[in-house]
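Contents: one structure, followed by commentary.
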2 protein chains.
Amino acid sequence: MDELFARLGIAAEMARLEEYIGGLIDSPVLLIAEPARHILTAGGKRLRAMLTFLSAGGNGRPLPGSVVYAAAAIELVHAASLVHDDLIDQSPHRRGRPTIHEKWSHDAALLAGDYIFALAARAIAISGDIRVMEHIAEAATAVCEGEISPVDQVEPLEESLAAYTFKIGRKTAALFEAAARVGAVCGGCGDGEVESLGYFGYALGMAFQIVDDVLDYIGDERTLGKPAGGDLRRGLITLPLIYAVAYDDGDGFLRQTVDRLGHIADPREIDEALRRVQASSGPARARQEAERYQKEALQHLHAVDGSRRDLLAEIARLVVEREY
Amino acid sequence: MDELFARLGIAAEMARLEEYIGGLIDSPVLLIAEPARHILTAGGKRLRAMLTFLSAGGNGRPLPGSVVYAAAAIELVHAASLVHDDLIDQSPHRRGRPTIHEKWSHDAALLAGDYIFALAARAIAISGDIRVMEHIAEAATAVCEGEISPVDQVEPLEESLAAYTFKIGRKTAALFEAAARVGAVCGGCGDGEVESLGYFGYALGMAFQIVDDVLDYIGDERTLGKPAGGDLRRGLITLPLIYAVAYDDGDGFLRQTVDRLGHIADPREIDEALRRVQASSGPARARQEAERYQKEALQHLHAVDGSRRDLLAEIARLVVEREY
């Protein structure tokens with residue numbers, strides 16, 4: 001990652017971000033501090049922070065100090081939402097480590113998530129810009145809405161796609177949008193550029209989440225840090241599955257599996273469904289949809305200052321081509 | 001309440017607060033919007049908002065618009081924390097109505113709490129004052145710390161009192177402190193007055209929580225909206241119990257009950273313990289401690305502008321003398 005940050009001209013900002021986040025947890029209450037540190041030091045791509053820095057200008061140009069706190073706030077809201085998502089989904093692992101509710105307790109995960117969200121508010125206060133607060137608060141409500149909105153059907157196709165798009169738009173893309181907007185605001189962009197970068201971030205977030213959902217089916221366990229098929233096992237309907245049912249489910253096996261998703265006792269049935277989705281056109285069709293969002297994202301960059309454009313386009317490429 | 005608000009000269013602000021909070025939930029996601037509306041319309045004393053308005057000046061003087069949003073943010077953080085507290089404590093009722101996790105689901109309570117916390121962030125953004133953000137973010141981290149910090153012993157007395165004081169200081173008093181501080185900030189107070197009002201709010205919050213814990217033992221079911229003894233039933237150690245063990249537990253019955261708190265199968269044993277605490281000097285001693293905090297609160301008012309002082313002293317009296 002360090003090489004990438006250097007190439008994008010945001011190495012100094014990234015280092016300051018990590019330093020700030022690393023020193024943030026000052027709670028004397030160990031049952032809060034330890035779980036919070038566990039998730040905040042678990043690595044992660046810091047993609048949202050990169051988006052903030054590059055939207056602010058990046059590219060080696062000096063950035064205002066506020067942008068580091070704004071980026072930190074975005075990453076903290078993201079981390080808080082992961083802790084609560086994992087609790088809701090009862091996921092045992094995250095980035096190859098046990099989740100907080102597994103390692104500590106349900107209550108620790110609930111309150112560590114709340115605590116990290118409050119740390120995000122603290123970071124925003126230090127950024128000193130009320131517009132940063134506006135954009136992040138907006139995204140934070142959307143993240144909650146997305147998390148609880150179900151995708152509970154694969155047919156009819158149009159309705160399933162609408163439910164999936166609504167869910168990932170709120171759960172993921174809204175925070176990417178906010179990441180770009182707060183970067184643009186801190187970097188002194190005018191209203192038009194803030195808007196364009198917001199749309200860019202949103203489309204990029206959609207592409208990111210779809211690729212994530214594809215990798216959950218076809219990714220390599222070593223690079224993913226978890227076995228493939230986790231979404232299916234947890235009963236979550238995502239785009240590769242929706243497309244597999246729509247285009248490659250001749251004997252109706254997947255359709256039947258989906259009807260009973262969440263109530264399947266025999267793991268071999270899930271394994272068989274996983275193999276069928278992997279062998280179907282579902283993952284490739286989903287990836288095409290991610291590429292469509294990537295193109296849409298790039299179109300919004302036309303209205304953006306040239307020095308920002310190339311590096312943001314590179315981020316968009318990385319998001320769609322990544323394998324983990 | 002309306003009479004009280006009129007007498008304190010904050011009726012207009014209170015009406016604007018209710019109007020703002022009532023119109024805040026605009027989510028199309030019913031599984032978020034309905035639970036959120038359920039808790040936000042459940043009434044409540046709005047004591048923290050009163051504290052904000054009176055710290056800002058109140059008393060019929062026109063207040064800046066920002067103060068309504070600051071007060072709303074305080075009430076929203078409070079509501080969010082109640083939703084998550086009830087989830088952790090598995091409380092079935094709140095203000096005579098079923099709690100969110102009872103009426104909907106665990107996940108709905110988790111995300112509705114997150115959502116309301118995000119609405120608080122939105123209200124702060126509208127207030128337009130970054131210092132409001134600072135104080136509320138500080139309090140929000142403290143609330144999480146307080147909620148998870150245990151009081152798991154009644155002996156030795158000094159240690160139990162220290163654990164209890166730490167817990168309620170963070171869980172309750174920190175937000176009272178923030179309520180007073182943001183009011184003072186919005187009302188244009190100087191640094192010294194902001195500090196004094198903050199200390200006043202903190203001491204008032206301590207008194208409030210102790211009275212709450214006393215009423216949980218000796219309150220009337222009709223005015224409380226729930227049967228007495230809820231804390232004991234849920235295994236929570238509070239000040240009346242700590243004092244009852246220290247001063248009125250000749251045969252050691254309460255001491256033994258506490259050792260097995262949370263593992264008591266026979267409800268008659270809890271009922272007997274409840275009767276013994278009620279008959280002990282514990283509740284009265286705890287109330288004396290609340291009165292000590294009330295006096296401490298009043299002392300901090302010496303440094304405060306005279307027009308604010310009388311009404312804030314009245315609030316302090318209401319908090320300690322209330323019966324529900």
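Numbering starts fresh at 1 for the residues of each chain in the structure tokens, the chains themselves are lettered A, B, ... in the order given, and ligands are numbered from 1 as they appear.
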* Interface list for chain B, partner chain A, 8 Å threshold, only C-alpha atoms, as a PyMOL selection string -> chain B and resi 27+29+31-32+84+88+107-108+110-112+114-115+118-119+121-122+124-126+128-131+133-134+137-138+140-141+144-145+147-149
* Asked: Which neighbours of segment 204-213 of chain A fall inside 6 Å, counting only C-alpha atoms, when residues of the same chain fewer than 4 positions from it are skipped, and could you give them as an NGL selection string?
  -> :A and (172-173 or 176 or 290 or 293 or 297 or 319)
* To do: Mind checking which residues fall within 9 Å of segment 14-18 of chain A, counting only C-alpha atoms, ignoring those fewer than 5 positions away in the same chain, and posting them as an MDAnalysis selection string?
  => chainID A and resid 2 5 23 46 49:50 53 68:69 71:72
Same residues, C-alpha atoms, saved as an mmCIF file, in the first residue's frame:
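As written to disk, result.cif reads:
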data_model
loop_
_atom_site.group_PDB
_atom_site.id
_atom_site.type_symbol
_atom_site.label_atom_id
_atom_site.label_comp_id
_atom_site.auth_asym_id
_atom_site.auth_seq_id
_atom_site.Cartn_x
_atom_site.Cartn_y
_atom_site.Cartn_z
ATOM 1 C CA ASP A 2 2.829 2.413 0.854
ATOM 2 C CA PHE A 5 0.160 6.012 -1.517
ATOM 3 C CA GLY A 23 -3.686 7.563 19.169
ATOM 4 C CA ARG A 46 -8.371 2.767 3.699
ATOM 5 C CA ALA A 49 -9.676 7.890 3.126
ATOM 6 C CA MET A 50 -7.780 7.705 -0.187
ATOM 7 C CA PHE A 53 -7.478 12.840 0.060
ATOM 8 C CA VAL A 68 -6.930 14.307 7.745
ATOM 9 C CA TYR A 69 -9.640 14.540 10.429
ATOM 10 C CA ALA A 71 -10.850 11.273 6.305
ATOM 11 C CA ALA A 72 -10.449 9.785 9.777
#
* Go through A:Ala180, A:Cys189, A:Val83, A:Ile237 one by one, measure the shortest atom-to-atom distance of each to Glu102 of chain A using only C-alpha atoms, and give the residue with the smallest value. => A:Val83
* To do: Please provide the set of residues having any atom within 12 Å of Gln256 of chain A, restricted to only C-alpha atoms, with same-chain residues fewer than 2 positions apart removed, written as a ChimeraX atom specification.
  => /A:153-155,245,249-254,258-261,263-264,269-270,273
* Exercise: Leu63 of chain B partners within 12 Å, only C-alpha atoms, chain neighbours under 5 positions left out, as a ChimeraX atom specification -> /B:9-14,16,52-58,68-70,183-188
* Asked: Looking only at the backbone, which of the residues in segment 153-313 of chain A does DSSP tag as alpha helix (DSSP H), as an MDAnalysis selection string?
  -> chainID A and resid 157:168 174:186 191:218 221:224 230:233 239:247 253:259 267:279 282:300 306:313
Leaving out Gly22 of chain A and any residue of its chain fewer than 5 positions from it, which residues lie within 9 Å of it when counting only C-alpha atoms, given as a short mmCIF file (atom, residue, chain, number, x, y, z; two decimals) with C-alpha atoms, in the first residue's frame?
data_model
loop_
_atom_site.label_atom_id
_atom_site.label_comp_id
_atom_site.auth_asym_id
_atom_site.auth_seq_id
_atom_site.Cartn_x
_atom_site.Cartn_y
_atom_site.Cartn_z
CA LEU A 17 -4.31 9.50 9.35
CA ARG A 37 -8.40 -1.02 19.04
CA LEU A 40 -9.17 0.00 14.15
CA THR A 41 -5.78 -1.72 13.86
#
* Asked: Any idea what's packed within 8 Å of Tyr164 of chain B, counting only C-alpha atoms, ignoring anything in its chain fewer than 6 positions away? Could you give it as a PyMOL selection string?
  -> chain B and resi 151+238-239
Preceding selection exported with C-alpha atoms as a PDB file, in the first residue's frame:
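Final file, result39.pdb:
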ATOM      1  CA  VAL B 151     -20.710  -2.245  39.328  1.00  0.00           C
ATOM      2  CA  THR B 238     -27.081   0.716  42.493  1.00  0.00           C
ATOM      3  CA  LEU B 239     -26.597   3.046  45.430  1.00  0.00           C
TER       4      LEU B 239
END
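DSSP secondary structure from the backbone places His93, Arg94, Arg97 and Pro98 of chain B of segment 64-311 of chain B in strand (DSSP E or B).
Of the residues listed (B:Ile74, B:Ala6, B:Ile100, B:Ile218), B:Ile100 shows the shortest atom-to-atom separation from Ala36 of chain B; distances use only C-alpha atoms.
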* Using only C-alpha atoms, find the one residue out of A:Gln294, A:Leu197, A:Pro156, A:Arg285 that sits nearest to Arg255 of chain A. =>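 Closest candidate: A:Pro156.
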